[in-house]
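Here is the structure we will look at, set down as structure tokens.
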Amino acid sequence: MNYLFLDIITTAAILFIISSGLLIIFGVMKVINFAHGVFLTIGGYSSLVVTRFDWDPWFSMPLAFVVGCLLGAFIERAILRFLYHRPLDAILATWGLGIVLGQLIIIAFGREVQFADRPVSGAVELLGAFYSQYRLLLIIFAVLVAAAMWLLLKGTRIGLQTRAVIMNEPLARGLGINSSRVRLITFSFGAGLACLAGAFITPLSSVDPNMGLPWLVSAFMLVLVSGNSFLALAIACLVLGGAQVLASTYINPIIGGLTIAVLAALLLRLRPKGFAYD
Amino acid sequence: MTRFIGGVEADHGYLVLPLHVRFRAVCILTALALIVVLIGPFVLDPYTQSVLVRAFLLAVTALTVDLLWGTTGILTFAQGAFFGIGAYAAGLMFTHVGYTAGTVLFALLAAITVSMLVAAFVGWLAFWQGATSLYVAVVTLVLPIVVVQLIYSGGSFTGSSSGLVGFDAPSLSMSGWFWFTGTLMVLLTACAWVFIRSDYGRMLNAIRDNETRNRYLGIPTSHIKITLMMAMAALASMAGFIYACVGTIVAPEHAGFVFGTELVIYVALGGRGTVLGPVIGTIGLEWASAYISSILPFVWTIIIGTIFVVVIVIMPEGLLPPIWRTLSKKLPSRLAKAAKGKGAITFYPLAESDIKTFPANMSQPALDLSSVTKRYGHLKVLQGIDIAVMPGELVGIVGPNGAGKTTLMRCISDGLERSSGVIKVNGKDIGQKSPAAITTLGLGRSFQNTSLFESLSVSECLRLARYRHWQPSKTDTADRIGLPTAAMEVLESTGLTSQLDGKVNNLPHGMKRALELTMVLSLEPNVLLLDEPTAGLTKADRLMIGNILTDLQTRLGLAIVLIEHDFDFVKQVCSRLVVLHRGELVLDGEVQEVVNSDLVQEIYSGHVE
């Protein structure tokens with residue numbers, strides 16, 4: 001029972017970490033970034049690079065974040081800014097971009113499954129159960145990500161500008177906010193967050209060129225049911241992630257793998273706003 | 001080349017063409033393509049033939065993506081899943097039951113039935129009123145994931161991740177398959193080409209451009225999209241079925257989401273909405289990748305991915321249209337004109353006997369509202385509105401901005417809008433009906449902000465407006481279309497007749513308003529809702545529209561409700577005035593009486609509480 005509880009909490013934390021980068025991009029730009037999966041993969045390979053150079057495994061996280069930010073900034077300037085009025089085309093362009101980046105990764109690192117060093121390993125006793133230390137650590141990471149987002153959005157000038165653009169872009173521009181700059185920063189930050197998430201989840205499994213793809217669909221569905229609210233995302237991760245864990249445990253893992261996608265699609269049919277409340 | 005003929009004598013000038021020029025061109029091109037398919041096996045080595053057989057089947061599937069996405073605007077990743085359903089129907093049947101003529105037929109029927117049922121379900125999920133195009137993409141993304149997971153969970157029954165191999169299946173020589181799939185591909189392409197250029201195809205374009213407006217023209221868009229999705233699912237699963245027979249192998253990749261996106265990539269590269277582009281693109285890319293990917297395995301994917309991104313960003317119309325434009329400049333002008341294939345369209349006034357307007361029942365109100373209320377949370381936008389409009393009445397609704405006038409129009413024309421209250425159109429309760437269904441009760445509505453189909457021409461818009469009374473052909477474009485006299489009068493007197501071929505987005509504002517009014521009148525409604533029909537028009541145009549409205553009211557007995565700010569216009573045309581203020585009906589009476597009342601003066605000068 002305790003295991004189940006911890007599984008639900010940690011799964012929700014993982015889902016929250018991998019979806020937040022996509023959410024911030026969708027919230028501000030109304031664009032679904034289908035390169036999100038490949039960004040996660042890039043985060044995984046950052047960990048692999050760190051392992052190969054024999055650096056401290058913790059260093060993989062800042063590295064992934066910086067790589068993601070730079071890549072995101074480049075992609076926003078080169079491709080996305082032409083597609084703001086064509087959201088469906090933006091999905092396709094980012095998907096194509098994901099294909100290209102995925103192939104580049106294969107050329108650079110090969111197709112095979114590889115392993116990166118973990119920053120922490122082993123189990124710890126909690127609530128009378130032995131549980132993976134790293135999974136528990138992910139809960140803290142998720143809280144840190146949420147806190148960082150909250151501080152950035154509520155406490156900084158660029159955060160205020162971002163919120164203005166989310167609410168009403170034409171008006172924000174009329175007030176002299178450089179929305180193109182807001183978009184650049186947002187996408188770059190979102191991409192950085194996605195790569196960071198990739199580095200976060202790498203110790204849970206292995207690194208391979210398609211590691212991000214299964215997460216993409218989950219993240220995509222979670223973001224759609226959350227609108228542009230981080231609180232709604234947290235709730236969605238808990239509810240749908242919890243459902244996934246329960247379905248995997250009590251029915252079978254294959255049904256579990258479908259839970260998020262199917263429940264989110266049905267939820268959106270019944271309540272188009274999903275978990276968003278206003 | 002659109003002519004305009006006023007008057008009935010136009011009938012005599014009408015020539016019935018047994019086959020349109022376009023059809024001749026299609027027939028010639030199809031015959032040429034079939035000859036190429038026939039010659040193929042004699043000049044191509046077996047490997048190339050097998051590559052092309054696969055390419056032909058994928059081209060058929062890409063064609064279905066093009067009809068859904070390019071033509072109708074439904075971005076779908078699900079066609080791969082339908083292909084997979086077809087392939088697995090063959091694989092499962094021949095592996096577990098065996099191959100006989102009977103099982104082939106049964107498996108094919110099962111494949112088509114199952115995929116159509118699944119498509120109907122997906123359509124029901126995806127195409128409810130108010131669904132965004134993003135939501136549709138979501139649902140079609142979930143389908144292949146579900147299908148693949150089901151295949152994985154099937155264990156040895158479905159072969160799990162390794163699929164099913166080496167079953168007995170209908171066998172033909174490679175040349176035989178080449179002829180079979182090639183012919184199928186050419187014929188289906190020809191059909192699709194004719195189909196998207198038909199009136200029905202234009203209607204699908206209109207759904208892509210402005211679905212909401214279609215609903216208010218009485219076109220049941222959700223129904224049409226679900227039907228189209230089912231038909232395309234059947235085609236894709238048929239292609240998958242044949243694919244499984246050719247290769248005697250099925251694998252989960254044939255149903256997957258990545259395969260679905262590949263099809264979308266082919267369509268985007270070839271040229272969405274062009275039919276030929278996706279087909280040529282698929283065959284070309286499949287053929288090229290079979291050769292190049294063995295030499296440059298990873299680089300080839302990068303090249304395709306890069307071209308795809310570049311095409312999406314820089315030329316979203318794809319590769320075929322620009323190539324075609326360059327080529328058509330070099331063609332002899334006569335050929336080029338034939339290829340354009342625009343027939344002359346004639347509009348003529350319908351005889352009174354052809355007008356199907358609801359018979360006005362003079363004893364009951366044409367439009368009857370009782371205690372209509374609309375709330376957003378605690379905010380009441382409309383409260384207990386009671387209005388009855390008799391046939392032959394022209395009621396003006398006035399009130400300051402934010403009084404709820406446009407909301408009232410929305411409540412009348414869409415059954416899901418109001419929070420409570422009963423609305424009857426021609427004595428029939430609108431219940432929770434969709435705008436399309438309410439339109440068929442005899443209601444026509446124009447919008448405050450002109451809402452038209454920007455990429456269509458004026459004459460195409462008018463054709464759409466006649467959907468209710470005249471089923472669009474799936475193969476041909478009609479040469480002549482009858483419009484009600486009132487619509488004809490607006491056309492003639494506004495000079496729209498000289499603009500029939502022009503694209504709607506090039507029209508000046510006044511013309512757009514006139515076109516909108518013409519479209520609404522073409523519905524032959526007997527209850528007309530007009531939201532500021534004269535906003536932004538010149539004095540002369542206003543006068544003209546005023547005269548037409550009074551004529552509709554007195555001669556044809558239409559019940560008209562119009563929202564208007566211009567009191568001079570209201571005094572000129574209306575027989576009754578209703579005043580809305582803060583969501584409440586505060587006055588209902590004779591025009592003069594209302595205009596001169598103290599209350600109206602106060603509301604408009606802002607002194608009333």
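Residue numbers start at 1 in each chain; chains themselves are named A, B, ... in the order of the structure tokens; ligands are numbered from 1 in the order shown.
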Please provide as a ChimeraX atom specification all residues within 12 Å of Leu267 of chain A, with the sequence filter that same-chain residues fewer than 3 positions apart are discarded (counting only C-alpha atoms). /A:221-222,224-226,236,239-240,259-264,270-276 /B:125,135,138-139
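The list of residues with at least one atom within 9 Å of Val66 of chain A, based on only C-alpha atoms and without residues fewer than 5 positions apart in the same chain, reads A:Met61, A:Leu71, A:Gly192, A:Cys195, A:Leu196.
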Closest atom pairs, residues of chain B within 7 Å of chain A, only C-alpha atoms, as JSON lines:
```
{"residue": "B:Leu125", "atom": "CA", "partner": "A:Arg269", "partner_atom": "CA", "distance": 6.5}
{"residue": "B:Val139", "atom": "CA", "partner": "A:Ala265", "partner_atom": "CA", "distance": 6.3}
{"residue": "B:Val142", "atom": "CA", "partner": "A:Ala261", "partner_atom": "CA", "distance": 6.1}
{"residue": "B:Val146", "atom": "CA", "partner": "A:Leu258", "partner_atom": "CA", "distance": 6.5}
{"residue": "B:Gln149", "atom": "CA", "partner": "A:Ile254", "partner_atom": "CA", "distance": 6.4}
{"residue": "B:Ser153", "atom": "CA", "partner": "A:Ile254", "partner_atom": "CA", "distance": 6.6}
{"residue": "B:Phe298", "atom": "CA", "partner": "A:Gln103", "partner_atom": "CA", "distance": 6.2}
{"residue": "B:Ile302", "atom": "CA", "partner": "A:Val100", "partner_atom": "CA", "distance": 4.8}
{"residue": "B:Gly305", "atom": "CA", "partner": "A:Gly96", "partner_atom": "CA", "distance": 5.1}
{"residue": "B:Thr306", "atom": "CA", "partner": "A:Val100", "partner_atom": "CA", "distance": 6.6}
{"residue": "B:Phe308", "atom": "CA", "partner": "A:Gly96", "partner_atom": "CA", "distance": 6.3}
{"residue": "B:Val309", "atom": "CA", "partner": "A:Ala93", "partner_atom": "CA", "distance": 5.0}
{"residue": "B:Ile312", "atom": "CA", "partner": "A:Ala93", "partner_atom": "CA", "distance": 6.1}
{"residue": "B:Val313", "atom": "CA", "partner": "A:Phe82", "partner_atom": "CA", "distance": 6.5}
```
For N, CA and C atoms, I'd like the residues from the last selection saved as a tab-separated table (two decimals), in the first residue's frame.
```
chain	number	residue	atom	x	y	z
B	125	LEU	N	-16.13	11.42	-31.20
B	125	LEU	CA	-15.31	12.06	-30.17
B	125	LEU	C	-14.80	13.42	-30.65
B	139	VAL	N	-7.19	13.42	-30.71
B	139	VAL	CA	-7.92	12.16	-30.76
B	139	VAL	C	-7.31	11.23	-31.81
B	142	VAL	N	-4.29	9.60	-30.41
B	142	VAL	CA	-4.50	8.57	-29.40
B	142	VAL	C	-4.85	7.24	-30.06
B	146	VAL	N	-3.46	3.49	-29.11
B	146	VAL	CA	-4.31	2.43	-28.56
B	146	VAL	C	-4.20	1.17	-29.41
B	149	GLN	N	-0.91	-0.62	-28.83
B	149	GLN	CA	-0.86	-1.26	-27.52
B	149	GLN	C	-1.71	-2.54	-27.50
B	153	SER	N	-0.44	-6.28	-26.70
B	153	SER	CA	-1.00	-7.09	-25.61
B	153	SER	C	-1.63	-8.37	-26.13
B	298	PHE	N	21.33	7.28	-42.60
B	298	PHE	CA	20.84	8.29	-41.66
B	298	PHE	C	20.66	9.64	-42.32
B	302	ILE	N	17.59	12.67	-42.51
B	302	ILE	CA	17.84	14.09	-42.18
B	302	ILE	C	17.41	14.98	-43.35
B	305	GLY	N	13.66	15.11	-43.43
B	305	GLY	CA	13.18	15.92	-42.30
B	305	GLY	C	13.42	17.41	-42.55
B	306	THR	N	14.59	17.73	-43.06
B	306	THR	CA	14.92	19.14	-43.30
B	306	THR	C	14.01	19.73	-44.39
B	308	PHE	N	11.13	18.76	-45.19
B	308	PHE	CA	9.78	18.86	-44.62
B	308	PHE	C	9.63	20.15	-43.81
B	309	VAL	N	10.60	20.41	-42.95
B	309	VAL	CA	10.52	21.62	-42.13
B	309	VAL	C	10.54	22.86	-43.02
B	312	ILE	N	7.20	23.28	-44.78
B	312	ILE	CA	6.15	23.76	-43.87
B	312	ILE	C	6.32	25.26	-43.59
B	313	VAL	N	7.57	25.68	-43.39
B	313	VAL	CA	7.79	27.07	-43.00
B	313	VAL	C	7.67	28.00	-44.20
```
All residues 8 Å or closer to segment 47-49 of chain A, only C-alpha atoms, same chain fewer than 5 positions away omitted, as an mmCIF file with all heavy atoms, in the first residue's frame:
```cif
data_model
loop_
_atom_site.group_PDB
_atom_site.id
_atom_site.type_symbol
_atom_site.label_atom_id
_atom_site.label_comp_id
_atom_site.auth_asym_id
_atom_site.auth_seq_id
_atom_site.Cartn_x
_atom_site.Cartn_y
_atom_site.Cartn_z
ATOM 1 N N PRO A 57 28.130 13.249 -11.988
ATOM 2 C CA PRO A 57 26.801 13.067 -12.607
ATOM 3 C C PRO A 57 25.848 14.248 -12.376
ATOM 4 O O PRO A 57 24.985 14.517 -13.208
ATOM 5 C CB PRO A 57 26.275 11.814 -11.938
ATOM 6 C CG PRO A 57 27.468 11.082 -11.464
ATOM 7 C CD PRO A 57 28.521 12.109 -11.157
ATOM 8 N N SER A 60 25.310 16.888 -15.152
ATOM 9 C CA SER A 60 24.498 16.674 -16.352
ATOM 10 C C SER A 60 23.274 17.593 -16.358
ATOM 11 O O SER A 60 22.788 17.986 -17.418
ATOM 12 C CB SER A 60 24.065 15.215 -16.434
ATOM 13 O OG SER A 60 23.282 14.897 -15.311
ATOM 14 N N MET A 61 22.771 17.967 -15.184
ATOM 15 C CA MET A 61 21.529 18.767 -15.164
ATOM 16 C C MET A 61 21.728 20.197 -15.656
ATOM 17 O O MET A 61 21.032 20.617 -16.576
ATOM 18 C CB MET A 61 20.906 18.698 -13.786
ATOM 19 C CG MET A 61 20.300 17.309 -13.596
ATOM 20 S SD MET A 61 20.185 16.796 -11.906
ATOM 21 C CE MET A 61 19.905 15.055 -12.120
ATOM 22 N N ALA A 64 22.421 19.995 -19.410
ATOM 23 C CA ALA A 64 21.224 19.761 -20.222
ATOM 24 C C ALA A 64 20.417 21.043 -20.340
ATOM 25 O O ALA A 64 19.942 21.401 -21.423
ATOM 26 C CB ALA A 64 20.380 18.658 -19.581
ATOM 27 N N GLN A 114 22.281 2.793 -24.047
ATOM 28 C CA GLN A 114 23.479 3.028 -23.236
ATOM 29 C C GLN A 114 23.065 3.454 -21.829
ATOM 30 O O GLN A 114 21.914 3.796 -21.589
ATOM 31 C CB GLN A 114 24.339 4.112 -23.898
ATOM 32 C CG GLN A 114 24.741 3.733 -25.317
ATOM 33 C CD GLN A 114 25.549 4.802 -26.021
ATOM 34 O OE1 GLN A 114 26.650 5.129 -25.608
ATOM 35 N NE2 GLN A 114 24.985 5.358 -27.075
ATOM 36 N N PHE A 115 24.033 3.456 -20.942
ATOM 37 C CA PHE A 115 23.723 3.806 -19.558
ATOM 38 C C PHE A 115 24.581 4.969 -19.086
ATOM 39 O O PHE A 115 25.767 5.034 -19.404
ATOM 40 C CB PHE A 115 23.931 2.591 -18.643
ATOM 41 C CG PHE A 115 22.923 1.523 -18.902
ATOM 42 C CD1 PHE A 115 23.203 0.506 -19.814
ATOM 43 C CD2 PHE A 115 21.691 1.544 -18.281
ATOM 44 C CE1 PHE A 115 22.255 -0.471 -20.094
ATOM 45 C CE2 PHE A 115 20.759 0.571 -18.548
ATOM 46 C CZ PHE A 115 21.040 -0.435 -19.461
ATOM 47 N N ALA A 116 23.964 5.854 -18.367
ATOM 48 C CA ALA A 116 24.695 6.988 -17.802
ATOM 49 C C ALA A 116 24.862 6.764 -16.306
ATOM 50 O O ALA A 116 24.059 6.056 -15.681
ATOM 51 C CB ALA A 116 23.931 8.277 -18.055
ATOM 52 N N ASP A 117 25.870 7.379 -15.739
ATOM 53 C CA ASP A 117 26.065 7.261 -14.295
ATOM 54 C C ASP A 117 24.937 7.953 -13.545
ATOM 55 O O ASP A 117 24.416 8.985 -14.004
ATOM 56 C CB ASP A 117 27.397 7.918 -13.887
ATOM 57 C CG ASP A 117 28.566 7.044 -14.297
ATOM 58 O OD1 ASP A 117 28.320 5.857 -14.606
ATOM 59 O OD2 ASP A 117 29.698 7.563 -14.340
ATOM 60 N N ALA A 199 17.375 14.935 -18.461
ATOM 61 C CA ALA A 199 18.484 14.556 -17.578
ATOM 62 C C ALA A 199 17.956 14.003 -16.261
ATOM 63 O O ALA A 199 18.521 13.069 -15.688
ATOM 64 C CB ALA A 199 19.375 15.766 -17.318
ATOM 65 N N THR A 202 16.768 10.297 -16.820
ATOM 66 C CA THR A 202 17.741 9.319 -17.309
ATOM 67 C C THR A 202 18.145 8.275 -16.260
ATOM 68 O O THR A 202 18.193 7.090 -16.580
ATOM 69 C CB THR A 202 18.979 10.052 -17.848
ATOM 70 O OG1 THR A 202 18.542 10.948 -18.862
ATOM 71 C CG2 THR A 202 19.977 9.080 -18.433
ATOM 72 N N VAL A 207 19.592 5.239 -21.786
ATOM 73 C CA VAL A 207 19.582 6.279 -22.806
ATOM 74 C C VAL A 207 19.513 5.611 -24.168
ATOM 75 O O VAL A 207 20.300 4.713 -24.460
ATOM 76 C CB VAL A 207 20.875 7.120 -22.717
ATOM 77 C CG1 VAL A 207 20.897 8.170 -23.806
ATOM 78 C CG2 VAL A 207 21.001 7.749 -21.353
#
```
Neighbouring residues of Gly256 of chain A were defined as those with any atom within 8 Å, considering only C-alpha atoms; residues of the same chain fewer than 5 positions away were excluded. Please report them as a list in words.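 Everything that qualifies: Ala243, Gln244, Val245, Leu246, Ala247, Ser248, Thr249 and Ile251 of chain A.
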